[in-house]
Protein chains: 4
Amino acid sequence: MARKPAEQTVHREEIVRAAAEVFHHKGYRGATMSDIAATVNLTAGSLYHHFPSKEELLIAVLDAGMTQIIAATQAIVQSDAPPADKLRAIARAHISGIITHHHIAVAVIFESRALLEKPGVRAPYVRQRDTLERLYRQVVEEGIAAGAFRALDVGIFVKAFFGALNWVSVWYREDGRLSEREIADEIANTFLAALTKV
Amino acid sequence: MARKPAEQTVHREEIVRAAAEVFHHKGYRGATMSDIAATVNLTAGSLYHHFPSKEELLIAVLDAGMTQIIAATQAIVQSDAPPADKLRAIARAHISGIITHHHIAVAVIFESRALLEKPGVRAPYVRQRDTLERLYRQVVEEGIAAGAFRALDVGIFVKAFFGALNWVSVWYREDGRLSEREIADEIANTFLAALTKV
Amino acid sequence: MARKPAEQTVHREEIVRAAAEVFHHKGYRGATMSDIAATVNLTAGSLYHHFPSKEELLIAVLDAGMTQIIAATQAIVQSDAPPADKLRAIARAHISGIITHHHIAVAVIFESRALLEKPGVRAPYVRQRDTLERLYRQVVEEGIAAGAFRALDVGIFVKAFFGALNWVSVWYREDGRLSEREIADEIANTFLAALTKV
Amino acid sequence: MARKPAEQTVHREEIVRAAAEVFHHKGYRGATMSDIAATVNLTAGSLYHHFPSKEELLIAVLDAGMTQIIAATQAIVQSDAPPADKLRAIARAHISGIITHHHIAVAVIFESRALLEKPGVRAPYVRQRDTLERLYRQVVEEGIAAGAFRALDVGIFVKAFFGALNWVSVWYREDGRLSEREIADEIANTFLAALTKV
DNA sequence: CATGAATGAGAGTTCATTCAT
DNA sequence: GATGAATGAACTCTCATTCAT
């Protein structure tokens, strides 16, 4: 009772991207499997050949986003640049990630909440989130230890930094006044200024 | 065929609070009218005597949140304290609002997105958001004009400040290491340090 | 977005009867909630005001059937008629039940299998089934003890009796050659003859 | 894009057995083509190289069951054993069939109902069922004619016999108290006792 | 004002079936 | 022959909303 010329095989990654886009625009609950399927020229039913459920699709989106930013951040943290440069690089990477993979970023930042109730599902995501936070902390602590930054509450500082960076996903417009790089640097400057010893 | 002791008339405000709570925990789309009704010991049908739709309920929640924080911020901005004190007071008010009216705050920050598509509905909310941002800007510009703060990109600074403050709603725990006041001051200090002239 | 003149309230029992009918004709899995709803002039969604799931509907059907026949059998077993009369009365009650509540009977006999996998659901049904079998056994054992029946394997005898009676639900036609009563008596005679001492 | 060691060609009969097993455990509607395919290490799509539809698969299962038991019964009926021996042999063959080909038997007894609506499909099955019943009748009528059995309603008697035998499929357990043979003989004895002239 | 039954429009998911490879 | 991707129809269940009582 069905079949199709199958223009070409649809790959997992494409579907994840499509899902992120729809999750971004309609929210996880507001997005329908049909919406997502249509984005990759499939029907809702066909999606289930690739992902066993809508939830699994969200998990894949979150994982893609977290994996990407953790990798980028890790590379920076492990480099031997001075702490201030690392912090600036982190801001650039974060914002670049948010803008380049805008849909995924917004899904990670805003739609992860839909998953945080389910313990089994929550755990891996929280682990990634903590890993990322630890990397940020590490840079600040390094800087303080090296005497480059003033001593302050690292926990709060990092969370504030995080909040400021993530918030970019809310207000960024492609046709805005500043470029991605300028935004990143301006935010980095703000936080670096706060870290500077008097 | 139905009656009830009707413990007491349920007021609008109670319902708004209940709605905020449910929106917080389940998200706007995940929340059902039944969930909200049950929180105030009503049935879903009865809710419609107070609010014409679920959307209106969200609008009311957002409005309550925005009105409260705008009023608080306005009072601070209009005072004649020095800019640095105003900024600290704003941070305290913002975080206090987020914590005291946690459900509402999270709804405003995270669930407003569910409404942003509908133009007719979006407009009033966006107006309030802009009003609030303008107030924040005003304080920073005042400080710069007065020579108390260094000149920087006010737009980005305010958005970063906003992001850092709003993000508190994500990570704040009642049993956390720091008090509400300490958190606010630590964040304010960070941003004030960034504003300080060298 | 909906409502109805509500011709009259639909009662639980009506729905159970309707469900039994549809289960009989289409089988449990083949029956749709729409089918059942239509039988009582409702929509599928409305059914959920009365029963939380299709499974619960099947449970209710099975329970109705088992409760009825157990009650009828219990009354007979507890009477002080001679064992042979009890056996005949049991056959009559069984077959009368099968024919009067044909849909329910067929559902109990044939569709209970759909439930037997789920342990939590299976247990109550199995308990009822065992209760009924015990009642049948009791009559035969009584007869043997009283010397009215010859000694034989009661377990097998009762199961054979059961099978013969239940099977009536498969072949009975309203316009058949024999009446309900004649069928019951003929089967009872067969089994009584088998019980008679030589 | 796909290949497989193809352990060996899968034969029709294997698939029929697999289908019977799955039909037994999940019912006709509850069984999926995937379930059946997996049982013979195939995928659902491959099944269609052997059978044109799920329905045909059920038909094949029913036919296999009916053909087997009719053949076995026919051999017994055509022998020149005395009627009582034939009846006992029939019971043994019936129960042996039910136990040896348990899945098929249960499918025939319980799942044939799923097909009885479709006239084109129903006819052949009903024909076989009638053939079998006629064979049973024949034995009883022979016995009555020969004066070995008392005269009774042959139609009802045969149906009761059938029901008792088929019902074994519901309660038989491999680890039960009695062997297959003992069960068959006990049931046969019951019905033979009922046939005995006083 | 409150209730609860009812609706109808989906939503996620399943599955028999088809077909290019 | 076998595979797996794809389809589309169907199904169970949910829910915002309405309204008679």
# chains A, B, ... in the order shown; residues from 1 in each chain; ligands from 1

$ select_by_dssp --residues "range 115-186 of chain A" --states "alpha helix (DSSP H)" --output "count of residues only"
52

$ closest_atom_pairs --of "chain F" --to "chain C" --cutoff "7 Å" --atoms "only C-alpha atoms (C1' of nucleotides)" --output "CSV"
residue,atom,partner,partner_atom,distance
F:DT17,C1',C:Met1,CA,5.1
F:DT18,C1',C:Arg3,CA,5.2
F:DC19,C1',C:Arg3,CA,6.8

$ interface_residues --of "chain B" --to "chain A" --cutoff "10 Å" --atoms "only C-alpha atoms" --output "NGL selection string"
:B and (24-30 or 109-111 or 113-117 or 152-153 or 156-168 or 170-171 or 178 or 182-184 or 186-187 or 189-198)

$ write_last_selection --atoms "C-alpha atoms" --output "mmCIF file, in the first residue's frame"
data_model
loop_
_atom_site.group_PDB
_atom_site.id
_atom_site.type_symbol
_atom_site.label_atom_id
_atom_site.label_comp_id
_atom_site.auth_asym_id
_atom_site.auth_seq_id
_atom_site.Cartn_x
_atom_site.Cartn_y
_atom_site.Cartn_z
ATOM 1 C CA HIS B 24 7.282 25.949 34.913
ATOM 2 C CA HIS B 25 7.178 22.250 35.597
ATOM 3 C CA LYS B 26 5.674 21.001 32.372
ATOM 4 C CA GLY B 27 6.191 23.801 29.915
ATOM 5 C CA TYR B 28 3.366 25.683 28.270
ATOM 6 C CA ARG B 29 2.461 22.950 25.791
ATOM 7 C CA GLY B 30 2.973 20.169 28.255
ATOM 8 C CA ILE B 109 12.082 33.423 30.482
ATOM 9 C CA PHE B 110 11.427 30.085 28.904
ATOM 10 C CA GLU B 111 7.799 29.833 27.965
ATOM 11 C CA ARG B 113 8.781 31.664 23.309
ATOM 12 C CA ALA B 114 5.548 29.762 22.826
ATOM 13 C CA LEU B 115 3.815 33.060 22.237
ATOM 14 C CA LEU B 116 6.316 34.894 20.159
ATOM 15 C CA GLU B 117 4.873 33.647 16.918
ATOM 16 C CA LEU B 152 31.620 50.354 26.312
ATOM 17 C CA ASP B 153 28.974 48.887 24.026
ATOM 18 C CA ILE B 156 25.886 44.161 24.424
ATOM 19 C CA PHE B 157 26.675 44.887 28.029
ATOM 20 C CA VAL B 158 23.053 45.061 29.028
ATOM 21 C CA LYS B 159 22.205 41.903 27.145
ATOM 22 C CA ALA B 160 25.073 40.081 28.800
ATOM 23 C CA PHE B 161 23.940 41.334 32.189
ATOM 24 C CA PHE B 162 20.433 40.206 31.411
ATOM 25 C CA GLY B 163 21.599 36.798 30.322
ATOM 26 C CA ALA B 164 23.701 36.333 33.425
ATOM 27 C CA LEU B 165 20.811 37.310 35.686
ATOM 28 C CA ASN B 166 18.166 35.286 33.904
ATOM 29 C CA TRP B 167 20.411 32.269 33.867
ATOM 30 C CA VAL B 168 20.188 32.185 37.636
ATOM 31 C CA VAL B 170 18.293 27.725 35.621
ATOM 32 C CA TRP B 171 20.799 26.831 38.264
ATOM 33 C CA LEU B 178 25.138 31.094 48.589
ATOM 34 C CA GLU B 182 25.194 36.885 47.865
ATOM 35 C CA ILE B 183 24.512 35.625 44.394
ATOM 36 C CA ALA B 184 23.118 38.962 43.328
ATOM 37 C CA GLU B 186 28.623 38.526 43.262
ATOM 38 C CA ILE B 187 27.100 38.946 39.826
ATOM 39 C CA ASN B 189 30.345 42.875 41.371
ATOM 40 C CA THR B 190 31.420 41.088 38.252
ATOM 41 C CA PHE B 191 29.583 43.489 36.009
ATOM 42 C CA LEU B 192 30.551 46.520 38.065
ATOM 43 C CA ALA B 193 34.177 45.483 37.860
ATOM 44 C CA ALA B 194 33.780 45.337 34.106
ATOM 45 C CA LEU B 195 32.374 48.850 34.160
ATOM 46 C CA THR B 196 35.055 50.330 36.315
ATOM 47 C CA LYS B 197 37.485 52.676 34.632
ATOM 48 C CA VAL B 198 41.045 51.560 34.842
#

$ closest_atom_pairs --of "chain E" --to "chain A" --cutoff "7 Å" --atoms "only C-alpha atoms (C1' of nucleotides)" --output "CSV"
residue,atom,partner,partner_atom,distance
E:DT17,C1',A:Met1,CA,5.1
E:DT18,C1',A:Arg3,CA,5.1
E:DC19,C1',A:Arg3,CA,6.7

$ write_last_selection --atoms "all heavy atoms" --output "PDB file, in the first residue's frame"
ATOM      1  P    DT E  17      -0.473  -7.314   3.943  1.00  0.00           P
ATOM      2  OP1  DT E  17      -1.810  -7.559   3.375  1.00  0.00           O
ATOM      3  OP2  DT E  17       0.386  -8.451   4.331  1.00  0.00           O
ATOM      4  O5'  DT E  17       0.349  -6.393   2.948  1.00  0.00           O
ATOM      5  C5'  DT E  17      -0.206  -5.136   2.568  1.00  0.00           C
ATOM      6  C4'  DT E  17       0.820  -4.325   1.817  1.00  0.00           C
ATOM      7  O4'  DT E  17       1.817  -3.800   2.718  1.00  0.00           O
ATOM      8  C3'  DT E  17       1.612  -5.073   0.733  1.00  0.00           C
ATOM      9  O3'  DT E  17       1.288  -4.470  -0.503  1.00  0.00           O
ATOM     10  C2'  DT E  17       3.066  -4.867   1.095  1.00  0.00           C
ATOM     11  C1'  DT E  17       3.002  -3.628   1.978  1.00  0.00           C
ATOM     12  N1   DT E  17       4.116  -3.465   2.928  1.00  0.00           N
ATOM     13  C2   DT E  17       4.835  -2.298   2.876  1.00  0.00           C
ATOM     14  O2   DT E  17       4.594  -1.392   2.078  1.00  0.00           O
ATOM     15  N3   DT E  17       5.863  -2.207   3.787  1.00  0.00           N
ATOM     16  C4   DT E  17       6.231  -3.162   4.723  1.00  0.00           C
ATOM     17  O4   DT E  17       7.173  -2.966   5.479  1.00  0.00           O
ATOM     18  C5   DT E  17       5.436  -4.365   4.722  1.00  0.00           C
ATOM     19  C7   DT E  17       5.743  -5.461   5.696  1.00  0.00           C
ATOM     20  C6   DT E  17       4.429  -4.457   3.833  1.00  0.00           C
ATOM     21  P    DT E  18       1.819  -5.125  -1.854  1.00  0.00           P
ATOM     22  OP1  DT E  18       0.736  -5.007  -2.828  1.00  0.00           O
ATOM     23  OP2  DT E  18       2.475  -6.411  -1.585  1.00  0.00           O
ATOM     24  O5'  DT E  18       2.950  -4.058  -2.243  1.00  0.00           O
ATOM     25  C5'  DT E  18       2.602  -2.687  -2.294  1.00  0.00           C
ATOM     26  C4'  DT E  18       3.822  -1.874  -2.679  1.00  0.00           C
ATOM     27  O4'  DT E  18       4.730  -1.806  -1.561  1.00  0.00           O
ATOM     28  C3'  DT E  18       4.625  -2.431  -3.847  1.00  0.00           C
ATOM     29  O3'  DT E  18       4.875  -1.358  -4.737  1.00  0.00           O
ATOM     30  C2'  DT E  18       5.914  -2.949  -3.216  1.00  0.00           C
ATOM     31  C1'  DT E  18       6.048  -2.038  -2.001  1.00  0.00           C
ATOM     32  N1   DT E  18       6.777  -2.610  -0.841  1.00  0.00           N
ATOM     33  C2   DT E  18       7.730  -1.851  -0.221  1.00  0.00           C
ATOM     34  O2   DT E  18       8.017  -0.742  -0.596  1.00  0.00           O
ATOM     35  N3   DT E  18       8.330  -2.441   0.864  1.00  0.00           N
ATOM     36  C4   DT E  18       8.073  -3.698   1.374  1.00  0.00           C
ATOM     37  O4   DT E  18       8.675  -4.123   2.354  1.00  0.00           O
ATOM     38  C5   DT E  18       7.057  -4.449   0.675  1.00  0.00           C
ATOM     39  C7   DT E  18       6.707  -5.814   1.149  1.00  0.00           C
ATOM     40  C6   DT E  18       6.465  -3.878  -0.385  1.00  0.00           C
ATOM     41  P    DC E  19       5.265  -1.720  -6.252  1.00  0.00           P
ATOM     42  OP1  DC E  19       4.614  -0.693  -7.077  1.00  0.00           O
ATOM     43  OP2  DC E  19       5.089  -3.154  -6.529  1.00  0.00           O
ATOM     44  O5'  DC E  19       6.824  -1.423  -6.217  1.00  0.00           O
ATOM     45  C5'  DC E  19       7.269  -0.169  -5.701  1.00  0.00           C
ATOM     46  C4'  DC E  19       8.770  -0.171  -5.530  1.00  0.00           C
ATOM     47  O4'  DC E  19       9.115  -0.838  -4.293  1.00  0.00           O
ATOM     48  C3'  DC E  19       9.547  -0.917  -6.627  1.00  0.00           C
ATOM     49  O3'  DC E  19      10.677  -0.129  -6.932  1.00  0.00           O
ATOM     50  C2'  DC E  19       9.971  -2.208  -5.949  1.00  0.00           C
ATOM     51  C1'  DC E  19      10.203  -1.688  -4.528  1.00  0.00           C
ATOM     52  N1   DC E  19      10.177  -2.733  -3.478  1.00  0.00           N
ATOM     53  C2   DC E  19      11.026  -2.618  -2.372  1.00  0.00           C
ATOM     54  O2   DC E  19      11.802  -1.663  -2.311  1.00  0.00           O
ATOM     55  N3   DC E  19      10.988  -3.578  -1.412  1.00  0.00           N
ATOM     56  C4   DC E  19      10.127  -4.586  -1.525  1.00  0.00           C
ATOM     57  N4   DC E  19      10.110  -5.487  -0.546  1.00  0.00           N
ATOM     58  C5   DC E  19       9.247  -4.704  -2.640  1.00  0.00           C
ATOM     59  C6   DC E  19       9.306  -3.780  -3.590  1.00  0.00           C
TER      60       DC E  19
END

$ residues_around --residues "Ala19 in chain A" --least-positions-apart "3" --cutoff "10 Å" --atoms "only C-alpha atoms (C1' of nucleotides)" --output "compact mmCIF listing (two decimals) with N, CA and C atoms, in the first residue's frame"
# COMPACT_ATOMS: atom_id res chain seq x y z
N GLU A 13 22.06 12.35 10.26
CA GLU A 13 22.49 13.70 10.64
C GLU A 13 21.56 14.76 10.08
N GLU A 14 21.11 14.51 8.87
CA GLU A 14 20.14 15.42 8.26
C GLU A 14 18.89 15.52 9.10
N ILE A 15 18.46 14.37 9.57
CA ILE A 15 17.24 14.36 10.37
C ILE A 15 17.45 15.11 11.67
N VAL A 16 18.61 14.92 12.26
CA VAL A 16 18.89 15.63 13.50
C VAL A 16 18.85 17.13 13.28
N VAL A 22 13.09 22.40 13.71
CA VAL A 22 11.68 22.42 14.10
C VAL A 22 11.53 22.62 15.60
N PHE A 23 12.37 21.98 16.37
CA PHE A 23 12.32 22.18 17.83
C PHE A 23 12.56 23.67 18.14
N HIS A 24 13.48 24.26 17.43
CA HIS A 24 13.76 25.68 17.65
C HIS A 24 12.52 26.52 17.41
N HIS A 25 11.88 26.28 16.27
CA HIS A 25 10.77 27.15 15.91
C HIS A 25 9.49 26.87 16.69
N TYR A 28 9.87 21.75 21.62
CA TYR A 28 9.85 20.29 21.53
C TYR A 28 8.41 19.75 21.47
N ALA A 31 6.49 20.83 18.29
CA ALA A 31 6.94 20.23 17.03
C ALA A 31 6.27 18.88 16.83
N THR A 32 5.87 18.59 15.63
CA THR A 32 5.28 17.27 15.38
C THR A 32 6.24 16.45 14.51
N MET A 33 6.10 15.17 14.61
CA MET A 33 6.94 14.30 13.81
C MET A 33 6.72 14.60 12.33
N ASP A 35 6.08 17.57 11.05
CA ASP A 35 6.87 18.77 10.76
C ASP A 35 8.30 18.37 10.42
N ILE A 36 8.85 17.59 11.30
CA ILE A 36 10.26 17.20 11.13
C ILE A 36 10.43 16.38 9.86
N ALA A 37 9.53 15.44 9.68
CA ALA A 37 9.62 14.59 8.50
C ALA A 37 9.54 15.42 7.22
N THR A 39 10.43 18.34 6.68
CA THR A 39 11.66 19.10 6.45
C THR A 39 12.69 18.28 5.67
N VAL A 40 12.63 16.98 5.82
CA VAL A 40 13.57 16.14 5.07
C VAL A 40 12.84 15.33 4.01
N LYS A 54 10.23 10.42 19.24
CA LYS A 54 10.49 11.85 19.19
C LYS A 54 11.51 12.21 20.27
N LEU A 57 14.93 11.65 19.30
CA LEU A 57 15.35 12.67 18.35
C LEU A 57 15.87 13.89 19.11
N LEU A 58 15.17 14.25 20.15
CA LEU A 58 15.63 15.39 20.96
C LEU A 58 16.97 15.05 21.61
N ALA A 60 19.20 13.12 20.52
CA ALA A 60 20.24 13.19 19.49
C ALA A 60 20.63 14.64 19.20
N VAL A 61 19.64 15.51 19.19
CA VAL A 61 19.93 16.92 18.95
C VAL A 61 20.79 17.49 20.07
N HIS A 103 19.86 26.42 15.43
CA HIS A 103 18.72 25.61 15.82
C HIS A 103 19.11 24.64 16.92
N ILE A 104 20.23 24.00 16.71
CA ILE A 104 20.67 23.04 17.72
C ILE A 104 20.94 23.75 19.05
N ALA A 107 17.80 24.61 20.79
CA ALA A 107 17.20 23.39 21.31
C ALA A 107 17.90 22.96 22.59

$ residues_around --residues "range 71-86 of chain D" --least-positions-apart "5" --cutoff "10 Å" --atoms "only C-alpha atoms (C1' of nucleotides)" --output "list of chain:residue names"
D:Met66, D:Ala91, D:Arg92, D:Ala93, D:His94, D:Gly97, D:Thr131, D:Leu132, D:Leu135, D:Tyr136, D:Gln138, D:Val139, D:Val140, D:Glu141, D:Glu142, D:Gly143, D:Ile144, D:Ala146, D:Ala148, D:Phe149, D:Ala188, D:Asn189, D:Phe191, D:Leu192, D:Leu195, D:Thr196

$ residues_around --residues "Ser96 in chain A" --least-positions-apart "4" --cutoff "8 Å" --atoms "only C-alpha atoms (C1' of nucleotides)" --output "short mmCIF file (atom, residue, chain, number, x, y, z; two decimals) with all heavy atoms, in the first residue's frame"
data_model
loop_
_atom_site.label_atom_id
_atom_site.label_comp_id
_atom_site.auth_asym_id
_atom_site.auth_seq_id
_atom_site.Cartn_x
_atom_site.Cartn_y
_atom_site.Cartn_z
N ARG A 92 34.42 33.08 21.79
CA ARG A 92 34.24 33.02 20.34
C ARG A 92 33.68 31.68 19.90
O ARG A 92 32.78 31.61 19.07
CB ARG A 92 35.59 33.26 19.64
CG ARG A 92 36.01 34.71 19.65
CD ARG A 92 37.34 34.88 18.95
NE ARG A 92 37.83 36.27 19.07
CZ ARG A 92 39.07 36.65 18.83
NH1 ARG A 92 39.99 35.77 18.46
NH2 ARG A 92 39.41 37.92 18.95
N THR A 100 26.31 29.39 14.29
CA THR A 100 26.41 28.44 13.18
C THR A 100 25.37 27.32 13.28
O THR A 100 24.74 26.95 12.32
CB THR A 100 27.82 27.82 13.14
OG1 THR A 100 28.78 28.86 13.20
CG2 THR A 100 28.01 27.00 11.88
N GLU A 180 29.39 38.41 14.53
CA GLU A 180 29.54 37.33 15.49
C GLU A 180 30.82 37.53 16.32
O GLU A 180 30.82 37.46 17.55
CB GLU A 180 29.61 36.05 14.66
CG GLU A 180 29.87 34.79 15.36
CD GLU A 180 30.05 33.67 14.31
OE1 GLU A 180 29.34 33.70 13.27
OE2 GLU A 180 30.90 32.79 14.53
N ARG A 181 31.89 37.82 15.63
CA ARG A 181 33.18 37.98 16.28
C ARG A 181 33.18 39.19 17.23
O ARG A 181 33.67 39.12 18.35
CB ARG A 181 34.26 38.16 15.20
CG ARG A 181 35.63 38.61 15.70
CD ARG A 181 36.35 37.53 16.48
NE ARG A 181 36.85 36.50 15.63
CZ ARG A 181 38.14 36.40 15.24
NH1 ARG A 181 39.03 37.25 15.67
NH2 ARG A 181 38.51 35.41 14.43
#

$ atom_distance --atom1 "CA of Val126 in chain C" --atom2 "CA of Val108 in chain C"
11.5 Å

$ atom_distance --atom1 "CA of Arg88 in chain D" --atom2 "CA of Arg150 in chain D"
16.6 Å
